[in-house]
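Comments concern the structure below.
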Amino acid sequence: GDARVRGQTGVLSERRGSYPFIDFRLLNNTTLSGEIGTKKKVKRLLSFQRYFHASRLLRGIVPQASLYLLDEDYLGQARHMLSKVGMWDFDIFLFDRLTNGNSLVTLLCHLFNVHGLIHHFQLDMVTLHRFLVMVQEDYHSQNPYHNAVHAADVTQAMHCYLREPKLANFLTPSDIMLGLLAAAAHDVDHPGVNQPFLIKTKHHLASLYQNVSVLENHHWRSTIGMLRESRLLAHLPKEVTQDIEQQLGSLILATDINRQNEFLIRLKSHLDNQDLRLEDAQDRHFMLQIALKCADICNPCRLWDLSKQWSERVCEEFYRQGDLEQKFELEISPLCNQQKDTIPSIQIGFMTYIVEPLFERWAQFTGDSPLSENMLNHLRRNKAKWRSLLHKQHSSSRSNDLSGQVTGSQEQTLNEEETP
């Protein structure tokens with residue numbers, strides 16, 4: 001049946017668990033869906049209990065019974081990292097290990113508290129936990145890239161951007177909450193394959209959203225479903241929740257890479273005309289969209305060790321899709337052929353045509369702030385390293401080709417000598 005639920009606001013949301021993993025055995029066998037849903041519910045319940053205990057520890061409340069979730073050494077390190085959550089060299093991989101895989105929940109609870117959102121919106125901590133656990137659990141941990149750690153990384157980047165003076169001086173609590181929520185949930189329930197794959201395999205979501213921003217629409221509607229199920233905002237006036245749901249959609253839909261030029265042209269126009277008025281809610285919202293877009297693709301602007309890990313992860317996800325396409329005799333999508341598309345070549349193209357144009361405009365907006373200069377410096381250094389690696393690959397390939405030619409000529413000579 002239809003996986004959507006119409007709420008009082010009239011916005012369609014999707015039931016959690018309605019989206020199967022991209023596995024043809026599951027897509028062709030609907031009898032498994034009930035079993036999968038049950039397992040997810042049990043896992044989510046157990047996870048919430050773990051997170052609730054962990055949050056008590058992080059608040060300094062020692063429980064009666066001993067817990068094996070996190071030891072004191074790890075908790076101390078996690079607390080120390082949270083004290084530096086606004087630093088651009090924040091290592092989200094380390095933080096995820098220190099929080100036992102709960103980086104998104106732990107980070108969001110901390111940031112909601114730091115920004116005063118819990119007090120301002122009178123949020124219930126247990127309900128907030130419940131919602132964040134839903135979000136974290138609905139990311140697919142088997143995805144090399146589009147998983148909860150990526151969501152936590154984007155959220156941490158968004159926090160850094162929300163603190164940029166050119167933007168921070170105008171933001172309201174609603175703006176900040178929307179920015180953090182959108183960052184946390186922008187890829188929720190991502191299947192690990194792209195929109196063209198869903199379209200050519202006739203996935204039900206492609207039909208549902210008529211082949212337009214298929215994944216982004218799903219992420220948004222799933223987020224609305226979780227907000228309503230958790231009742232996180234149920235105490236707020238109806239018109240406020242309606243506005244939050246619509247603006248979340250506008251932010252998440254902006255992450256569609258197919259709309260990159262649309263946003264870039266509009267940003268360039270604003271900057272060239274110097275007509276951005278951040279006192280105006282509409283202009284603030286547009287810059288939140290730009291900030292989220294930057295956060296979503298900021299990996300090339302991180303320290304090399306972190307950036308390289310993300311590059312390898314996203315390419316691994318591409319290659320998995322390519323393997324699936326090859327297995328089922330579909331045309332292999334661009335960037336997904338492991339035999340032809342190398343990590344350095346993919347990253348250089350991504351940086352050149354997608355990342356650099358956006359971050360150069362972002363730096364123009366921030367007035368070349370220390371953070372923007374730092375990111376652009378990392379971007380240039382990382383691109384140079386990928387160019388160096390690509391050059392080494394080409395040199396190695398040429399050497400192998402020459403070696404093969406020499407070996408071939410030697411064999412031919414030997415055969416001629418042996419011929420009577």
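Residues in the structure tokens are numbered from 1 in each chain, the chains being A, B, ... in the order shown, and ligands are numbered from 1 in the order shown.
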
With a distance cut-off of 12 Å and only C-alpha atoms, select the neighbouring residues of Gln321 of chain A, excluding the residue or stretch itself and same-chain residues fewer than 2 positions from it, and output the selection as number ranges by chain. A: 22-23, 143-144, 191-198, 314-319, 323-328, 330-338

Would you save the residues of that selection, restricted to N, CA and C atoms, as a short mmCIF file (atom, residue, chain, number, x, y, z; two decimals), in the first residue's frame?
data_model
loop_
_atom_site.label_atom_id
_atom_site.label_comp_id
_atom_site.auth_asym_id
_atom_site.auth_seq_id
_atom_site.Cartn_x
_atom_site.Cartn_y
_atom_site.Cartn_z
N ILE A 22 18.22 -1.95 -0.64
CA ILE A 22 18.31 -2.22 -2.07
C ILE A 22 18.94 -3.60 -2.25
N ASP A 23 18.09 -4.59 -2.19
CA ASP A 23 18.47 -5.98 -2.37
C ASP A 23 17.34 -6.62 -3.16
N ASN A 143 25.94 0.89 4.90
CA ASN A 143 26.40 1.81 3.87
C ASN A 143 27.80 2.32 4.23
N PRO A 144 28.77 2.22 3.33
CA PRO A 144 30.11 2.73 3.66
C PRO A 144 30.11 4.24 3.91
N PRO A 191 19.51 4.38 0.87
CA PRO A 191 19.71 2.97 0.51
C PRO A 191 21.11 2.62 0.03
N GLY A 192 21.97 3.62 -0.14
CA GLY A 192 23.31 3.34 -0.62
C GLY A 192 23.43 3.30 -2.13
N VAL A 193 22.36 3.67 -2.82
CA VAL A 193 22.39 3.81 -4.28
C VAL A 193 21.79 5.16 -4.64
N ASN A 194 22.03 5.62 -5.89
CA ASN A 194 21.57 6.96 -6.25
C ASN A 194 20.21 6.95 -6.95
N GLN A 195 19.73 8.14 -7.27
CA GLN A 195 18.41 8.28 -7.89
C GLN A 195 18.29 7.56 -9.23
N PRO A 196 19.27 7.69 -10.14
CA PRO A 196 19.15 6.97 -11.41
C PRO A 196 18.97 5.47 -11.23
N PHE A 197 19.62 4.90 -10.21
CA PHE A 197 19.47 3.47 -9.94
C PHE A 197 18.03 3.15 -9.56
N LEU A 198 17.45 3.98 -8.69
CA LEU A 198 16.06 3.75 -8.27
C LEU A 198 15.12 3.87 -9.46
N VAL A 314 32.96 6.86 0.10
CA VAL A 314 31.96 7.19 -0.91
C VAL A 314 32.22 6.42 -2.20
N CYS A 315 33.50 6.24 -2.55
CA CYS A 315 33.81 5.48 -3.76
C CYS A 315 33.48 4.00 -3.58
N GLU A 316 33.68 3.47 -2.39
CA GLU A 316 33.29 2.09 -2.11
C GLU A 316 31.78 1.91 -2.31
N GLU A 317 31.01 2.92 -1.90
CA GLU A 317 29.56 2.85 -2.10
C GLU A 317 29.22 2.92 -3.59
N PHE A 318 29.93 3.77 -4.33
CA PHE A 318 29.74 3.84 -5.79
C PHE A 318 30.03 2.48 -6.42
N TYR A 319 31.16 1.89 -6.03
CA TYR A 319 31.57 0.63 -6.63
C TYR A 319 30.57 -0.50 -6.32
N ASP A 323 28.73 -2.81 -9.01
CA ASP A 323 28.72 -4.28 -8.97
C ASP A 323 27.29 -4.82 -9.07
N LEU A 324 26.36 -4.14 -8.37
CA LEU A 324 24.95 -4.55 -8.45
C LEU A 324 24.44 -4.40 -9.88
N GLU A 325 24.77 -3.27 -10.50
CA GLU A 325 24.31 -3.02 -11.86
C GLU A 325 24.87 -4.05 -12.83
N GLN A 326 26.13 -4.39 -12.64
CA GLN A 326 26.74 -5.40 -13.50
C GLN A 326 26.11 -6.77 -13.27
N LYS A 327 25.84 -7.09 -12.02
CA LYS A 327 25.25 -8.38 -11.68
C LYS A 327 23.89 -8.57 -12.33
N PHE A 328 23.12 -7.49 -12.38
CA PHE A 328 21.77 -7.59 -12.93
C PHE A 328 21.68 -7.03 -14.36
N LEU A 330 22.56 -4.29 -15.83
CA LEU A 330 22.13 -2.92 -16.05
C LEU A 330 23.34 -2.10 -16.49
N GLU A 331 23.09 -0.99 -17.15
CA GLU A 331 24.19 -0.10 -17.52
C GLU A 331 24.86 0.44 -16.27
N ILE A 332 26.17 0.35 -16.19
CA ILE A 332 26.89 0.82 -15.01
C ILE A 332 26.88 2.34 -14.98
N SER A 333 26.45 2.91 -13.87
CA SER A 333 26.32 4.36 -13.73
C SER A 333 27.69 5.04 -13.73
N PRO A 334 27.74 6.32 -14.10
CA PRO A 334 28.99 7.08 -14.03
C PRO A 334 29.58 7.04 -12.63
N LEU A 335 30.90 6.93 -12.54
CA LEU A 335 31.68 6.90 -11.30
C LEU A 335 31.57 5.57 -10.54
N CYS A 336 30.82 4.61 -11.08
CA CYS A 336 30.56 3.37 -10.34
C CYS A 336 31.33 2.17 -10.90
N ASN A 337 32.16 2.38 -11.91
CA ASN A 337 32.91 1.28 -12.51
C ASN A 337 34.31 1.26 -11.90
N GLN A 338 34.55 0.28 -11.04
CA GLN A 338 35.82 0.23 -10.31
C GLN A 338 37.01 0.02 -11.25
#

Test item, helix (DSSP H, G or I) assignment across segment 265-357 of chain A, answer as a ChimeraX atom specification: /A:265-273,281-296,299-301,304-327,343-357

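Candidate residues A:Asn261, A:Ser311, A:Ser213, A:Ser388 were compared for distance to Phe350 of chain A, and the nearest is A:Ser311, using only C-alpha atoms.
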
Need the shell around segment 122-137 of chain A: protein/DNA/RNA residues with any atom at most 6 Å away, counting only C-alpha atoms. Skip same-chain ones fewer than 2 positions apart. Format as a PyMOL selection string? chain A and resi 105+118-120+139+148+230+232
